[in-house]
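Asker: Data file model16.csv (CSV, C-alpha atoms) is appended below.
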chain,number,residue,atom,x,y,z
A,292,MET,CA,9.7,16.0,29.0
A,293,SER,CA,10.6,12.5,28.2
A,294,TYR,CA,14.4,12.7,28.6
A,295,ARG,CA,16.4,15.2,30.6
A,296,CYS,CA,18.8,15.4,27.7
A,297,HIS,CA,18.4,14.1,24.1
A,298,VAL,CA,21.7,14.1,22.2
A,299,PHE,CA,21.5,14.0,18.4
A,300,VAL,CA,24.8,13.2,16.7
A,301,CYS,CA,25.2,13.9,13.0
A,302,GLU,CA,26.0,10.7,11.0
A,303,ASN,CA,25.4,12.1,7.6
A,304,ALA,CA,27.4,10.5,4.8
A,305,ARG,CA,27.5,12.0,1.3
A,306,PRO,CA,29.6,11.0,-1.7
A,307,ASP,CA,33.3,12.0,-1.6
A,308,GLY,CA,34.3,15.2,-3.3
A,309,GLY,CA,31.7,17.6,-2.0
A,310,LYS,CA,31.1,19.1,1.4
A,311,PRO,CA,32.6,17.2,4.3
A,312,SER,CA,30.1,14.9,6.0
A,313,CYS,CA,30.0,14.2,9.7
A,314,GLY,CA,29.5,10.4,9.7
A,315,PRO,CA,32.7,9.2,8.2
A,316,ARG,CA,34.7,12.1,9.8
A,317,GLY,CA,33.9,10.8,13.3
A,318,GLY,CA,30.2,11.2,13.9
A,319,VAL,CA,29.4,7.5,13.7
A,320,ALA,CA,32.3,6.8,16.1
A,321,VAL,CA,31.2,9.6,18.5
A,322,ARG,CA,27.7,8.2,18.7
A,323,ALA,CA,29.1,4.7,19.4
A,324,ALA,CA,31.4,6.1,22.1
A,325,LEU,CA,28.6,8.0,23.6
A,326,GLU,CA,26.4,5.0,23.8
A,327,ARG,CA,29.1,3.0,25.4
A,328,ALA,CA,29.8,5.8,27.9
A,329,LEU,CA,26.2,6.1,28.9
A,330,ALA,CA,25.9,2.3,29.3
A,331,ALA,CA,28.5,2.7,32.0
A,332,GLU,CA,26.7,5.5,33.9
A,333,PRO,CA,23.6,4.2,35.6
A,334,ALA,CA,22.7,7.7,36.8
A,335,LEU,CA,22.0,8.6,33.2
A,336,TRP,CA,19.9,5.5,32.3
A,337,GLY,CA,16.5,6.6,31.2
A,338,GLN,CA,17.6,10.2,31.6
A,339,VAL,CA,19.7,10.7,28.5
A,340,ALA,CA,18.9,9.5,25.0
A,341,VAL,CA,21.4,9.4,22.1
A,342,THR,CA,20.1,9.3,18.5
A,343,GLY,CA,21.9,9.5,15.1
A,344,ALA,CA,20.8,12.3,12.8
A,345,THR,CA,20.8,13.0,9.1
A,346,CYS,CA,22.5,16.2,8.2
A,347,LEU,CA,22.4,18.8,11.1
A,348,GLY,CA,23.5,21.6,8.8
A,349,PRO,CA,26.9,23.1,9.8
A,350,CYS,CA,28.9,20.5,7.7
A,351,PHE,CA,32.2,22.4,7.7
A,352,ASP,CA,32.2,22.4,11.5
A,353,GLY,CA,31.5,18.7,11.9
A,354,PRO,CA,31.3,16.2,13.4
A,355,THR,CA,28.4,18.0,14.9
A,356,ALA,CA,25.8,17.2,17.6
A,357,VAL,CA,23.0,19.1,19.3
A,358,VAL,CA,21.6,18.5,22.8
A,359,TYR,CA,18.0,19.3,23.6
A,360,PRO,CA,16.1,20.7,25.3
A,361,GLU,CA,18.9,23.1,26.0
A,362,GLY,CA,19.7,23.5,22.3
A,363,VAL,CA,23.5,23.4,22.8
A,364,TRP,CA,25.4,22.7,19.6
A,365,TYR,CA,28.8,21.1,19.3
A,366,GLY,CA,31.3,20.8,16.5
A,367,GLY,CA,34.6,19.2,15.8
A,368,LEU,CA,33.7,16.3,18.0
A,369,ALA,CA,35.9,13.2,18.3
A,370,PRO,CA,35.4,10.0,20.3
A,371,GLU,CA,38.1,11.3,22.7
A,372,ASP,CA,35.7,14.2,23.6
A,373,VAL,CA,33.0,11.8,24.9
A,374,PRO,CA,34.3,11.4,28.5
A,375,ALA,CA,34.4,15.1,29.0
A,376,LEU,CA,31.0,15.6,27.3
A,377,VAL,CA,29.4,13.1,29.6
A,378,ARG,CA,31.1,14.5,32.7
A,379,GLU,CA,30.6,18.1,32.0
A,380,HIS,CA,27.3,18.3,30.2
A,381,LEU,CA,25.3,15.2,30.8
A,382,LEU,CA,26.3,14.7,34.4
A,383,GLY,CA,27.4,18.2,35.4
A,384,GLY,CA,24.8,20.2,33.5
A,385,ARG,CA,27.5,22.6,32.0
A,386,PRO,CA,28.1,22.7,28.2
A,387,LEU,CA,31.5,21.4,27.2
A,388,GLU,CA,32.7,24.9,26.1
A,389,THR,CA,35.8,23.6,24.2
A,390,ARG,CA,33.6,21.9,21.6
A,391,ARG,CA,30.7,24.2,21.6
A,392,LEU,CA,29.5,25.8,18.3
A,393,LEU,CA,28.8,29.4,19.2
A,394,ARG,CA,26.4,31.9,17.6
A,395,LEU,CA,24.5,29.2,15.8
A,396,ARG,CA,21.4,31.3,15.2
A,397,ALA,CA,19.4,31.9,12.0
A,398,GLU,CA,20.5,35.5,11.9
A,399,ASP,CA,24.1,34.6,12.0
A,400,GLY,CA,24.0,32.9,8.6
A,401,PRO,CA,26.6,30.3,7.8
A,402,ALA,CA,29.5,31.9,9.7
A,403,LEU,CA,29.8,29.7,12.7
A,404,ARG,CA,32.5,30.1,15.1
A,405,MET,CA,34.4,27.6,17.2
A,406,PRO,CA,36.0,28.8,20.5
A,407,GLY,CA,39.4,30.3,19.9
A,408,GLN,CA,38.7,31.3,16.4
A,409,GLY,CA,38.8,35.0,17.3
A,410,ASP,CA,35.1,35.7,17.4
A,411,PRO,CA,34.7,38.9,19.4
A,412,ASP,CA,31.4,37.7,20.6
A,413,GLU,CA,32.8,34.4,21.8
A,414,GLY,CA,31.2,33.3,25.0
A,415,GLU,CA,28.2,35.6,24.8
B,613,MET,CA,18.5,28.6,20.9
B,614,SER,CA,19.3,28.1,17.3
B,615,TYR,CA,15.9,27.1,16.0
B,616,ARG,CA,12.5,27.8,17.5
B,617,CYS,CA,11.5,24.2,16.7
B,618,HIS,CA,13.7,21.3,15.7
B,619,VAL,CA,11.7,18.4,14.4
B,620,PHE,CA,13.3,15.0,14.3
B,621,VAL,CA,11.5,12.4,12.3
B,622,CYS,CA,12.4,8.7,12.7
B,623,GLU,CA,13.6,7.1,9.5
B,624,ASN,CA,14.9,3.9,10.9
B,625,ALA,CA,14.9,0.9,8.6
B,626,ARG,CA,15.6,-2.5,10.0
B,627,PRO,CA,15.4,-5.9,8.2
B,628,ASP,CA,11.9,-7.3,7.7
B,629,GLY,CA,10.5,-9.7,10.2
B,630,GLY,CA,11.4,-8.0,13.5
B,631,LYS,CA,10.0,-4.9,15.1
B,632,PRO,CA,8.3,-2.5,12.8
B,633,SER,CA,10.5,0.4,11.7
B,634,CYS,CA,9.4,3.9,11.1
B,635,GLY,CA,11.3,4.7,7.8
B,636,PRO,CA,9.5,2.4,5.4
B,637,ARG,CA,6.2,2.7,7.4
B,638,GLY,CA,6.0,6.4,6.5
B,639,GLY,CA,8.7,8.2,8.3
B,640,VAL,CA,10.7,8.9,5.2
B,641,ALA,CA,7.6,10.2,3.5
B,642,VAL,CA,6.6,12.3,6.5
B,643,ARG,CA,10.0,14.0,6.6
B,644,ALA,CA,9.8,14.7,2.9
B,645,ALA,CA,6.3,16.1,3.2
B,646,LEU,CA,7.3,18.2,6.1
B,647,GLU,CA,10.3,19.7,4.2
B,648,ARG,CA,8.0,20.5,1.3
B,649,ALA,CA,5.5,22.1,3.6
B,650,LEU,CA,8.1,24.3,5.3
B,651,ALA,CA,9.5,25.4,2.0
B,652,ALA,CA,6.0,26.9,1.4
B,653,GLU,CA,5.9,28.8,4.7
B,654,PRO,CA,8.3,31.7,4.6
B,655,ALA,CA,7.4,32.5,8.2
B,656,LEU,CA,9.1,29.3,9.3
B,657,TRP,CA,12.3,29.7,7.3
B,658,GLY,CA,15.2,29.7,9.6
B,659,GLN,CA,12.9,29.1,12.6
B,660,VAL,CA,12.1,25.4,12.1
B,661,ALA,CA,14.6,22.7,11.2
B,662,VAL,CA,13.7,19.2,10.2
B,663,THR,CA,16.1,16.3,10.5
B,664,GLY,CA,15.9,12.6,10.0
B,665,ALA,CA,16.7,10.4,13.0
B,666,THR,CA,17.9,6.9,13.5
B,667,CYS,CA,15.7,4.9,15.9
B,668,LEU,CA,13.8,7.2,18.3
B,669,GLY,CA,12.7,4.2,20.5
B,670,PRO,CA,8.9,3.7,20.5
B,671,CYS,CA,8.9,1.5,17.4
B,672,PHE,CA,5.5,0.0,17.7
B,673,ASP,CA,4.0,3.5,17.8
B,674,GLY,CA,5.7,4.7,14.7
B,675,PRO,CA,6.2,6.5,12.5
B,676,THR,CA,7.4,8.7,15.3
B,677,ALA,CA,8.8,12.2,15.6
B,678,VAL,CA,9.9,14.5,18.5
B,679,VAL,CA,9.9,18.3,18.5
B,680,TYR,CA,12.4,20.2,20.6
B,681,PRO,CA,12.9,22.2,22.7
B,682,GLU,CA,9.4,21.5,23.9
B,683,GLY,CA,9.9,17.7,23.9
B,684,VAL,CA,6.6,16.8,22.3
B,685,TRP,CA,6.5,13.3,20.9
B,686,TYR,CA,4.3,12.1,18.0
B,687,GLY,CA,3.3,8.7,16.8
B,688,GLY,CA,1.3,7.1,14.0
B,689,LEU,CA,2.3,9.9,11.7
B,690,ALA,CA,1.5,9.9,8.0
B,691,PRO,CA,2.2,12.4,5.3
B,692,GLU,CA,-1.4,13.4,5.4
B,693,ASP,CA,-0.9,14.7,9.0
B,694,VAL,CA,1.8,17.2,7.9
B,695,PRO,CA,-0.5,20.1,7.0
B,696,ALA,CA,-2.1,20.0,10.5
B,697,LEU,CA,1.2,19.5,12.2
B,698,VAL,CA,2.6,22.6,10.5
B,699,ARG,CA,-0.6,24.6,11.1
B,700,GLU,CA,-1.2,23.6,14.7
B,701,HIS,CA,2.3,23.0,16.2
B,702,LEU,CA,4.8,24.9,14.1
B,703,LEU,CA,2.8,27.9,13.2
B,704,GLY,CA,0.2,27.8,16.1
B,705,GLY,CA,2.4,26.7,18.9
B,706,ARG,CA,-0.1,24.0,20.0
B,707,PRO,CA,0.8,20.3,19.8
B,708,LEU,CA,-1.3,18.3,17.4
B,709,GLU,CA,-3.1,16.3,20.0
B,710,THR,CA,-4.5,13.7,17.7
B,711,ARG,CA,-1.0,12.4,16.9
B,712,ARG,CA,0.6,13.0,20.2
B,713,LEU,CA,2.3,10.2,22.1
B,714,LEU,CA,1.3,10.6,25.7
B,715,ARG,CA,3.1,9.5,28.9
B,716,LEU,CA,6.4,9.0,27.2
B,717,ARG,CA,8.5,9.2,30.3
B,718,ALA,CA,11.2,6.9,31.5
B,719,GLU,CA,9.1,5.8,34.5
B,720,ASP,CA,6.2,4.8,32.3
B,721,GLY,CA,8.2,2.0,30.7
B,722,PRO,CA,7.2,0.8,27.3
B,723,ALA,CA,3.5,1.2,27.6
B,724,LEU,CA,2.9,4.2,25.5
B,725,ARG,CA,-0.6,5.4,24.8
B,726,MET,CA,-2.1,7.1,21.8
B,727,PRO,CA,-5.0,9.4,22.3
B,728,GLY,CA,-8.3,7.5,22.3
B,729,GLN,CA,-6.8,4.2,23.5
B,730,GLY,CA,-8.6,4.4,26.8
B,731,ASP,CA,-5.7,5.6,28.9
B,732,PRO,CA,-7.3,7.0,32.1
B,733,ASP,CA,-4.5,9.5,32.3
B,734,GLU,CA,-5.0,10.7,28.8
B,735,GLY,CA,-4.5,14.4,28.5
B,736,GLU,CA,-2.7,14.8,31.7
Produce structure tokens that represent the structure in this file.

Answerer:
Amino acid sequence: MSYRCHVFVCENARPDGGKPSCGPRGGVAVRAALERALAAEPALWGQVAVTGATCLGPCFDGPTAVVYPEGVWYGGLAPEDVPALVREHLLGGRPLETRRLLRLRAEDGPALRMPGQGDPDEGE
Amino acid sequence: MSYRCHVFVCENARPDGGKPSCGPRGGVAVRAALERALAAEPALWGQVAVTGATCLGPCFDGPTAVVYPEGVWYGGLAPEDVPALVREHLLGGRPLETRRLLRLRAEDGPALRMPGQGDPDEGE
């Protein structure tokens, strides 16, 4: 494994009027904030990589990100979430549950759930 | 885990005259070829995702890609490599060794090695 965590932040930008796209909704700002935050955490240098991504898929739940190798998906991200994301996930090793996209599996189809949206399987 | 394999292909494009960039060297074409190949493999639908990436880092070894969760890095990719990549890695579960970037770890610094370049640690 090259990096302990590799964070991909969706920066997709599509023309106005169709599906929402993560980049202008905050994805670009989230990646920039994440890069600034990592630059201030020497313990993470060389351990965590951040990369922008073309469309990650769950557009209506954006801005989205995915962290590998653990395969933890996030949605509804804003730059203000970055300190907690760094503290909880990247330093602490615990997903930031308040922004986690749950049940993102092929068999679930398009119906993603955010915490607090009444999914009976939330937290499984 | 949402996808069994998530392939990120570097599509970075920087102005001419500096470091090489993966997108125009073949990264864009590799991603397109990979998406076409996956569309023709129903066994991989919903199992494998392909996403374009901004700079993945090892620019001189591009076009690059990384496959998660296994964290296997590739370099020197061309569209002609896609059938073997699909057959060996995505269907067969074995990295395509002829295009693998070896020793891509933080402690290795920038000196990446491609197979056959005389790295005594090749294949470790």

Asker: Name the residues, using the chain letters and numbers of the file, that sit within 10 Å of (22.3, 7.8, 30.0) when counting all atoms listed in the file, and give them as a VMD selection string.

Answerer: chain A and resid 294 to 297 325 to 341 377 381 to 382

Asker: Quick one: which chain B residues come within 10 Å of chain A, and what is the nearest atom pair for each with the distance in Å to one decimal, counting only C-alpha atoms, rows ordered by chain and ascending number, as JSON lines?

Answerer:
{"residue": "B:Met613", "atom": "CA", "partner": "A:Gly362", "partner_atom": "CA", "distance": 5.4}
{"residue": "B:Ser614", "atom": "CA", "partner": "A:Arg396", "partner_atom": "CA", "distance": 4.4}
{"residue": "B:Tyr615", "atom": "CA", "partner": "A:Arg396", "partner_atom": "CA", "distance": 7.0}
{"residue": "B:Arg616", "atom": "CA", "partner": "A:Gly362", "partner_atom": "CA", "distance": 9.7}
{"residue": "B:Cys617", "atom": "CA", "partner": "A:Gly362", "partner_atom": "CA", "distance": 10.0}
{"residue": "B:His618", "atom": "CA", "partner": "A:Gly362", "partner_atom": "CA", "distance": 9.2}
{"residue": "B:Phe620", "atom": "CA", "partner": "A:Ala344", "partner_atom": "CA", "distance": 8.1}
{"residue": "B:Val621", "atom": "CA", "partner": "A:Ala344", "partner_atom": "CA", "distance": 9.3}
{"residue": "B:Cys622", "atom": "CA", "partner": "A:Ala344", "partner_atom": "CA", "distance": 9.1}
{"residue": "B:Glu623", "atom": "CA", "partner": "A:Thr345", "partner_atom": "CA", "distance": 9.3}
{"residue": "B:Asn624", "atom": "CA", "partner": "A:Gly343", "partner_atom": "CA", "distance": 9.9}
{"residue": "B:Trp657", "atom": "CA", "partner": "A:Ala397", "partner_atom": "CA", "distance": 8.8}
{"residue": "B:Gly658", "atom": "CA", "partner": "A:Ala397", "partner_atom": "CA", "distance": 5.3}
{"residue": "B:Gln659", "atom": "CA", "partner": "A:Ala397", "partner_atom": "CA", "distance": 7.1}
{"residue": "B:Val660", "atom": "CA", "partner": "A:Ala397", "partner_atom": "CA", "distance": 9.8}
{"residue": "B:Ala661", "atom": "CA", "partner": "A:Leu347", "partner_atom": "CA", "distance": 8.7}
{"residue": "B:Val662", "atom": "CA", "partner": "A:Leu347", "partner_atom": "CA", "distance": 8.8}
{"residue": "B:Thr663", "atom": "CA", "partner": "A:Thr345", "partner_atom": "CA", "distance": 5.9}
{"residue": "B:Gly664", "atom": "CA", "partner": "A:Thr345", "partner_atom": "CA", "distance": 5.0}
{"residue": "B:Ala665", "atom": "CA", "partner": "A:Ala344", "partner_atom": "CA", "distance": 4.5}
{"residue": "B:Thr666", "atom": "CA", "partner": "A:Gly343", "partner_atom": "CA", "distance": 5.0}
{"residue": "B:Cys667", "atom": "CA", "partner": "A:Thr342", "partner_atom": "CA", "distance": 6.7}
{"residue": "B:Leu668", "atom": "CA", "partner": "A:Thr342", "partner_atom": "CA", "distance": 6.6}
{"residue": "B:Gly669", "atom": "CA", "partner": "A:Thr342", "partner_atom": "CA", "distance": 9.2}
{"residue": "B:Val678", "atom": "CA", "partner": "A:Ser293", "partner_atom": "CA", "distance": 9.9}
{"residue": "B:Val679", "atom": "CA", "partner": "A:Pro360", "partner_atom": "CA", "distance": 9.5}
{"residue": "B:Tyr680", "atom": "CA", "partner": "A:Pro360", "partner_atom": "CA", "distance": 6.0}
{"residue": "B:Pro681", "atom": "CA", "partner": "A:Pro360", "partner_atom": "CA", "distance": 4.4}
{"residue": "B:Glu682", "atom": "CA", "partner": "A:Pro360", "partner_atom": "CA", "distance": 6.9}
{"residue": "B:Gly683", "atom": "CA", "partner": "A:Met292", "partner_atom": "CA", "distance": 5.4}
{"residue": "B:Val684", "atom": "CA", "partner": "A:Met292", "partner_atom": "CA", "distance": 7.4}
{"residue": "B:Trp685", "atom": "CA", "partner": "A:Ser293", "partner_atom": "CA", "distance": 8.4}
{"residue": "B:Leu714", "atom": "CA", "partner": "A:Ser293", "partner_atom": "CA", "distance": 9.8}
{"residue": "B:Arg715", "atom": "CA", "partner": "A:Ser293", "partner_atom": "CA", "distance": 8.1}
{"residue": "B:Leu716", "atom": "CA", "partner": "A:Ser293", "partner_atom": "CA", "distance": 5.6}
{"residue": "B:Arg717", "atom": "CA", "partner": "A:Ser293", "partner_atom": "CA", "distance": 4.4}
{"residue": "B:Ala718", "atom": "CA", "partner": "A:Gly337", "partner_atom": "CA", "distance": 5.3}
{"residue": "B:Glu719", "atom": "CA", "partner": "A:Gly337", "partner_atom": "CA", "distance": 8.1}
{"residue": "B:Asp720", "atom": "CA", "partner": "A:Ser293", "partner_atom": "CA", "distance": 9.8}
{"residue": "B:Gly721", "atom": "CA", "partner": "A:Gly337", "partner_atom": "CA", "distance": 9.5}

Asker: Quick one: of B:Ala645, B:Ala696, B:Cys671, B:Ala690, who's nearest to Gly630 (chain B), counting only C-alpha atoms?

Answerer: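 Ranked by minimum distance to Gly630 (chain B), first place goes to B:Cys671.
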
Asker: Could you tell me how far CA of Arg637 (chain B) lies from CA of Leu708 (chain B), in Å and to one decimal?

Answerer: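 Going from CA of Arg637 (chain B) over to CA of Leu708 (chain B), I get 20.0 Å.
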
Asker: Using Å and a single decimal, report how far CA of Arg626 (chain B) sits from CA of Ala644 (chain B).

Answerer: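 Between these atoms lies a distance of 19.5 Å.
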
Asker: Give me the residues near Thr355 (chain A) as a ChimeraX atom specification, where near means some atom within 7 Å (using only C-alpha atoms) and where sequence neighbours in that chain fewer than 4 positions away do not count.

Answerer: /A:300-301,313,365-368

Asker: Would you mind reading off the distance between CA of Val298 (chain A) and CA of Gly629 (chain B), one decimal, in Å?

Answerer: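 Atom-to-atom, CA of Val298 (chain A) and CA of Gly629 (chain B) are spaced 28.9 Å apart.
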